file my_file.pdb (PDB, C-alpha atoms)
ATOM      1  CA  MET A  53      60.424  37.642 -53.356  1.00  0.00           C
ATOM      2  CA  ILE A  54      57.649  38.709 -50.971  1.00  0.00           C
ATOM      3  CA  GLN A  55      57.857  35.280 -49.282  1.00  0.00           C
ATOM      4  CA  LEU A  56      61.552  35.870 -48.605  1.00  0.00           C
ATOM      5  CA  TYR A  57      60.883  39.226 -46.956  1.00  0.00           C
ATOM      6  CA  ALA A  58      57.966  37.824 -44.960  1.00  0.00           C
ATOM      7  CA  ALA A  59      60.092  34.908 -43.730  1.00  0.00           C
ATOM      8  CA  ALA A  60      62.930  37.261 -42.743  1.00  0.00           C
ATOM      9  CA  PHE A  61      60.490  39.578 -40.964  1.00  0.00           C
ATOM     10  CA  LEU A  62      58.777  36.738 -39.065  1.00  0.00           C
ATOM     11  CA  THR A  63      62.124  35.179 -38.183  1.00  0.00           C
ATOM     12  CA  GLY A  64      63.246  38.480 -36.668  1.00  0.00           C
ATOM     13  CA  ILE A  65      59.967  38.991 -34.794  1.00  0.00           C
ATOM     14  CA  PHE A  66      59.984  35.486 -33.296  1.00  0.00           C
ATOM     15  CA  ALA A  67      63.675  35.726 -32.405  1.00  0.00           C
ATOM     16  CA  ALA A  68      63.094  39.072 -30.692  1.00  0.00           C
ATOM     17  CA  MET A  69      60.261  37.531 -28.656  1.00  0.00           C
ATOM     18  CA  GLY A  70      62.549  34.720 -27.527  1.00  0.00           C
ATOM     19  CA  VAL A  71      60.559  32.047 -29.364  1.00  0.00           C
ATOM     20  CA  GLY A  72      63.287  31.204 -31.817  1.00  0.00           C
ATOM     21  CA  GLY A  73      63.291  32.461 -35.356  1.00  0.00           C
ATOM     22  CA  GLY A  74      64.955  29.279 -36.601  1.00  0.00           C
ATOM     23  CA  MET A  75      61.606  27.507 -36.716  1.00  0.00           C
ATOM     24  CA  ILE A  76      60.289  30.020 -39.262  1.00  0.00           C
ATOM     25  CA  LEU A  77      63.558  29.927 -41.204  1.00  0.00           C
ATOM     26  CA  ILE A  78      63.481  26.126 -41.447  1.00  0.00           C
ATOM     27  CA  ILE A  79      59.831  26.094 -42.538  1.00  0.00           C
ATOM     28  CA  TYR A  80      60.531  28.724 -45.188  1.00  0.00           C
ATOM     29  CA  LEU A  81      63.623  26.972 -46.503  1.00  0.00           C
ATOM     30  CA  THR A  82      61.951  23.553 -46.763  1.00  0.00           C
ATOM     31  CA  PHE A  83      58.500  24.506 -48.083  1.00  0.00           C
ATOM     32  CA  PHE A  84      59.191  27.584 -50.193  1.00  0.00           C
ATOM     33  CA  ALA A  85      62.892  27.606 -51.102  1.00  0.00           C
ATOM     34  CA  GLY A  86      63.178  23.891 -51.933  1.00  0.00           C
ATOM     35  CA  PHE A  87      65.931  22.929 -49.483  1.00  0.00           C
ATOM     36  CA  THR A  88      65.966  19.530 -47.810  1.00  0.00           C
ATOM     37  CA  GLN A  89      65.345  19.392 -44.073  1.00  0.00           C
ATOM     38  CA  LEU A  90      69.006  18.616 -43.404  1.00  0.00           C
ATOM     39  CA  GLU A  91      70.188  21.552 -45.544  1.00  0.00           C
ATOM     40  CA  ALA A  92      67.714  23.903 -43.853  1.00  0.00           C
ATOM     41  CA  GLN A  93      68.899  22.867 -40.403  1.00  0.00           C
ATOM     42  CA  GLY A  94      72.504  23.394 -41.472  1.00  0.00           C
ATOM     43  CA  ILE A  95      71.730  26.879 -42.775  1.00  0.00           C
ATOM     44  CA  ASN A  96      69.878  27.641 -39.535  1.00  0.00           C
ATOM     45  CA  LEU A  97      72.972  26.638 -37.556  1.00  0.00           C
ATOM     46  CA  VAL A  98      75.189  28.847 -39.725  1.00  0.00           C
ATOM     47  CA  TYR A  99      72.979  31.815 -38.804  1.00  0.00           C
ATOM     48  CA  PHE A 100      72.685  30.779 -35.141  1.00  0.00           C
ATOM     49  CA  ILE A 101      76.360  30.271 -34.269  1.00  0.00           C
ATOM     50  CA  PRO A 102      77.597  33.901 -34.705  1.00  0.00           C
ATOM     51  CA  VAL A 103      74.634  35.267 -32.729  1.00  0.00           C
ATOM     52  CA  ALA A 104      75.163  32.710 -29.971  1.00  0.00           C
ATOM     53  CA  LEU A 105      78.881  33.497 -29.757  1.00  0.00           C
ATOM     54  CA  LEU A 106      78.198  37.225 -29.574  1.00  0.00           C
ATOM     55  CA  SER A 107      75.610  36.633 -26.851  1.00  0.00           C
ATOM     56  CA  VAL A 108      78.091  34.580 -24.816  1.00  0.00           C
ATOM     57  CA  ILE A 109      80.724  37.316 -25.153  1.00  0.00           C
ATOM     58  CA  ILE A 110      78.319  40.057 -24.069  1.00  0.00           C
ATOM     59  CA  HIS A 111      76.894  38.025 -21.160  1.00  0.00           C
ATOM     60  CA  THR A 112      80.402  37.084 -20.005  1.00  0.00           C
ATOM     61  CA  LYS A 113      81.456  40.726 -20.132  1.00  0.00           C
ATOM     62  CA  ASN A 114      78.394  41.654 -18.031  1.00  0.00           C
ATOM     63  CA  LYS A 115      79.200  38.822 -15.578  1.00  0.00           C
ATOM     64  CA  LEU A 116      75.917  37.021 -16.265  1.00  0.00           C
ATOM     65  CA  ILE A 117      77.505  33.625 -16.931  1.00  0.00           C
ATOM     66  CA  SER A 118      78.879  31.381 -14.196  1.00  0.00           C
ATOM     67  CA  TRP A 119      81.334  29.226 -16.157  1.00  0.00           C
ATOM     68  CA  LYS A 120      81.711  26.728 -13.296  1.00  0.00           C
ATOM     69  CA  LYS A 121      77.977  26.024 -13.425  1.00  0.00           C
ATOM     70  CA  ILE A 122      77.619  26.049 -17.190  1.00  0.00           C
ATOM     71  CA  LEU A 123      80.559  23.791 -18.059  1.00  0.00           C
ATOM     72  CA  PRO A 124      78.662  20.476 -17.537  1.00  0.00           C
ATOM     73  CA  SER A 125      75.829  21.756 -19.761  1.00  0.00           C
ATOM     74  CA  LEU A 126      78.335  22.846 -22.390  1.00  0.00           C
ATOM     75  CA  VAL A 127      79.945  19.409 -22.494  1.00  0.00           C
ATOM     76  CA  ALA A 128      76.597  17.572 -22.510  1.00  0.00           C
ATOM     77  CA  GLY A 129      75.162  19.940 -25.146  1.00  0.00           C
ATOM     78  CA  THR A 130      78.154  19.449 -27.429  1.00  0.00           C
ATOM     79  CA  ALA A 131      77.862  15.662 -27.144  1.00  0.00           C
ATOM     80  CA  ALA A 132      74.098  15.804 -27.748  1.00  0.00           C
ATOM     81  CA  ALA A 133      74.579  18.060 -30.796  1.00  0.00           C
ATOM     82  CA  ALA A 134      77.101  15.619 -32.281  1.00  0.00           C
ATOM     83  CA  ALA A 135      74.749  12.693 -31.611  1.00  0.00           C
ATOM     84  CA  GLY A 136      71.843  14.653 -33.110  1.00  0.00           C
ATOM     85  CA  ALA A 137      73.835  15.474 -36.251  1.00  0.00           C
ATOM     86  CA  TRP A 138      74.727  11.811 -36.670  1.00  0.00           C
ATOM     87  CA  ALA A 139      71.099  10.751 -36.086  1.00  0.00           C
ATOM     88  CA  ALA A 140      69.800  13.367 -38.541  1.00  0.00           C
ATOM     89  CA  ALA A 141      72.125  12.095 -41.269  1.00  0.00           C
ATOM     90  CA  PHE A 142      71.173   8.494 -40.462  1.00  0.00           C
ATOM     91  CA  ILE A 143      67.404   9.143 -40.410  1.00  0.00           C
ATOM     92  CA  GLY A 144      67.331  10.992 -43.735  1.00  0.00           C
ATOM     93  CA  SER A 145      65.664  14.184 -44.873  1.00  0.00           C
ATOM     94  CA  ASP A 146      62.142  12.856 -45.498  1.00  0.00           C
ATOM     95  CA  MET A 147      61.766  11.271 -42.065  1.00  0.00           C
ATOM     96  CA  LEU A 148      63.446  14.261 -40.418  1.00  0.00           C
ATOM     97  CA  LYS A 149      60.882  16.561 -42.038  1.00  0.00           C
ATOM     98  CA  LYS A 150      58.037  14.449 -40.630  1.00  0.00           C
ATOM     99  CA  ILE A 151      59.598  14.384 -37.150  1.00  0.00           C
ATOM    100  CA  PHE A 152      60.088  18.169 -37.239  1.00  0.00           C
ATOM    101  CA  GLY A 153      56.488  18.704 -38.374  1.00  0.00           C
ATOM    102  CA  GLY A 154      55.194  16.445 -35.607  1.00  0.00           C
ATOM    103  CA  PHE A 155      57.320  18.264 -33.046  1.00  0.00           C
ATOM    104  CA  ILE A 156      55.971  21.657 -34.149  1.00  0.00           C
ATOM    105  CA  LEU A 157      52.403  20.314 -34.048  1.00  0.00           C
ATOM    106  CA  ILE A 158      52.815  18.883 -30.533  1.00  0.00           C
ATOM    107  CA  ILE A 159      54.384  22.107 -29.227  1.00  0.00           C
ATOM    108  CA  GLY A 160      51.581  24.155 -30.813  1.00  0.00           C
ATOM    109  CA  ILE A 161      48.869  21.993 -29.245  1.00  0.00           C
ATOM    110  CA  LYS A 162      50.636  22.130 -25.883  1.00  0.00           C
ATOM    111  CA  GLU A 163      50.836  25.927 -26.035  1.00  0.00           C
ATOM    112  CA  LEU A 164      47.160  26.236 -26.956  1.00  0.00           C
ATOM    113  CA  LEU A 165      45.757  23.803 -24.405  1.00  0.00           C
ATOM    114  CA  PHE A 166      48.137  23.911 -21.464  1.00  0.00           C
ATOM    115  CA  LYS A 167      49.172  27.521 -21.198  1.00  0.00           C
ATOM    116  CA  GLU A 168      50.273  28.359 -17.666  1.00  0.00           C
ATOM    117  CA  SER A 169      48.508  31.238 -16.019  1.00  0.00           C
ATOM    118  CA  ASN A 170      50.801  33.852 -14.576  1.00  0.00           C
ATOM    119  CA  SER A 171      48.897  34.791 -11.448  1.00  0.00           C
ATOM    120  CA  GLU A 172      50.719  37.378  -9.395  1.00  0.00           C
ATOM    121  CA  ALA A 173      48.858  38.716  -6.358  1.00  0.00           C
TER     122      ALA A 173
END

call {"tool": "encode", "arguments": {"input": "my_file.pdb", "output": "structure tokens"}}
result
Amino acid sequence: MIQLYAAAFLTGIFAAMGVGGGMILIIYLTFFAGFTQLEAQGINLVYFIPVALLSVIIHTKNKLISWKKILPSLVAGTAAAAAGAWAAAFIGSDMLKKIFGGFILIIGIKELLFKESNSEA
């Protein structure tokens, strides 16, 4: 039970920092809760979609979204998401878990070794 609370807490912290809490949620669900990689990604999307929709509504209300500029990204993103879902089902859960782990490792190494300095004079 403590693992569940720790995962929820870390997910919230990382999401609040803009890092993306889904990474922590997926790791928790696959390693500790026994879900397959595909199931964990599906659960992550179920949690992500309402928050994303609410964010779009709020940003549209505050006139922070230029729909003319974002429409090509929306179309391309939808097509890429459909292709990614198909590829994930085709690849299988075991290989997907290895790809995800490698991706996290590469991003971690990149962040440690190639951190940009924010030099403002």

call {"tool": "atom_distance", "arguments": {"input": "my_file.pdb", "atom1": "atom CA of A:Ser145", "atom2": "atom CA of A:Ala60"}}
result
23.3 Å

call {"tool": "resolve_selection", "arguments": {"input": "my_file.pdb", "expression": "the PyMOL selection byres ((chain A and resi 83-90) around 10)", "output": "PyMOL selection string"}}
result
chain A and resi 55-56+59+78-82+91-96+137+140-141+144-150+152

call {"tool": "axis_aligned_box", "arguments": {"input": "my_file.pdb", "around": "stretch 156-160 of chain A", "padding_each_side": "8 Å", "output": "AutoDock Vina command-line options"}}
result
--center_x 53.8 --center_y 21.5 --center_z -31.7 --size_x 20.4 --size_y 21.3 --size_z 20.9

call {"tool": "atom_distance", "arguments": {"input": "my_file.pdb", "atom1": "atom CA of A:Gly153", "atom2": "atom CA of A:Met75"}}
result
10.3 Å

call {"tool": "resolve_selection", "arguments": {"input": "my_file.pdb", "expression": "the PyMOL selection byres ((chain A and resi 100) around 12)", "output": "ChimeraX atom specification"}}
result
/A:63,67,72-75,77,93-99,101-107

call {"tool": "atom_distance", "arguments": {"input": "my_file.pdb", "atom1": "atom CA of A:Glu168", "atom2": "atom CA of A:Phe61"}}
result
27.8 Å
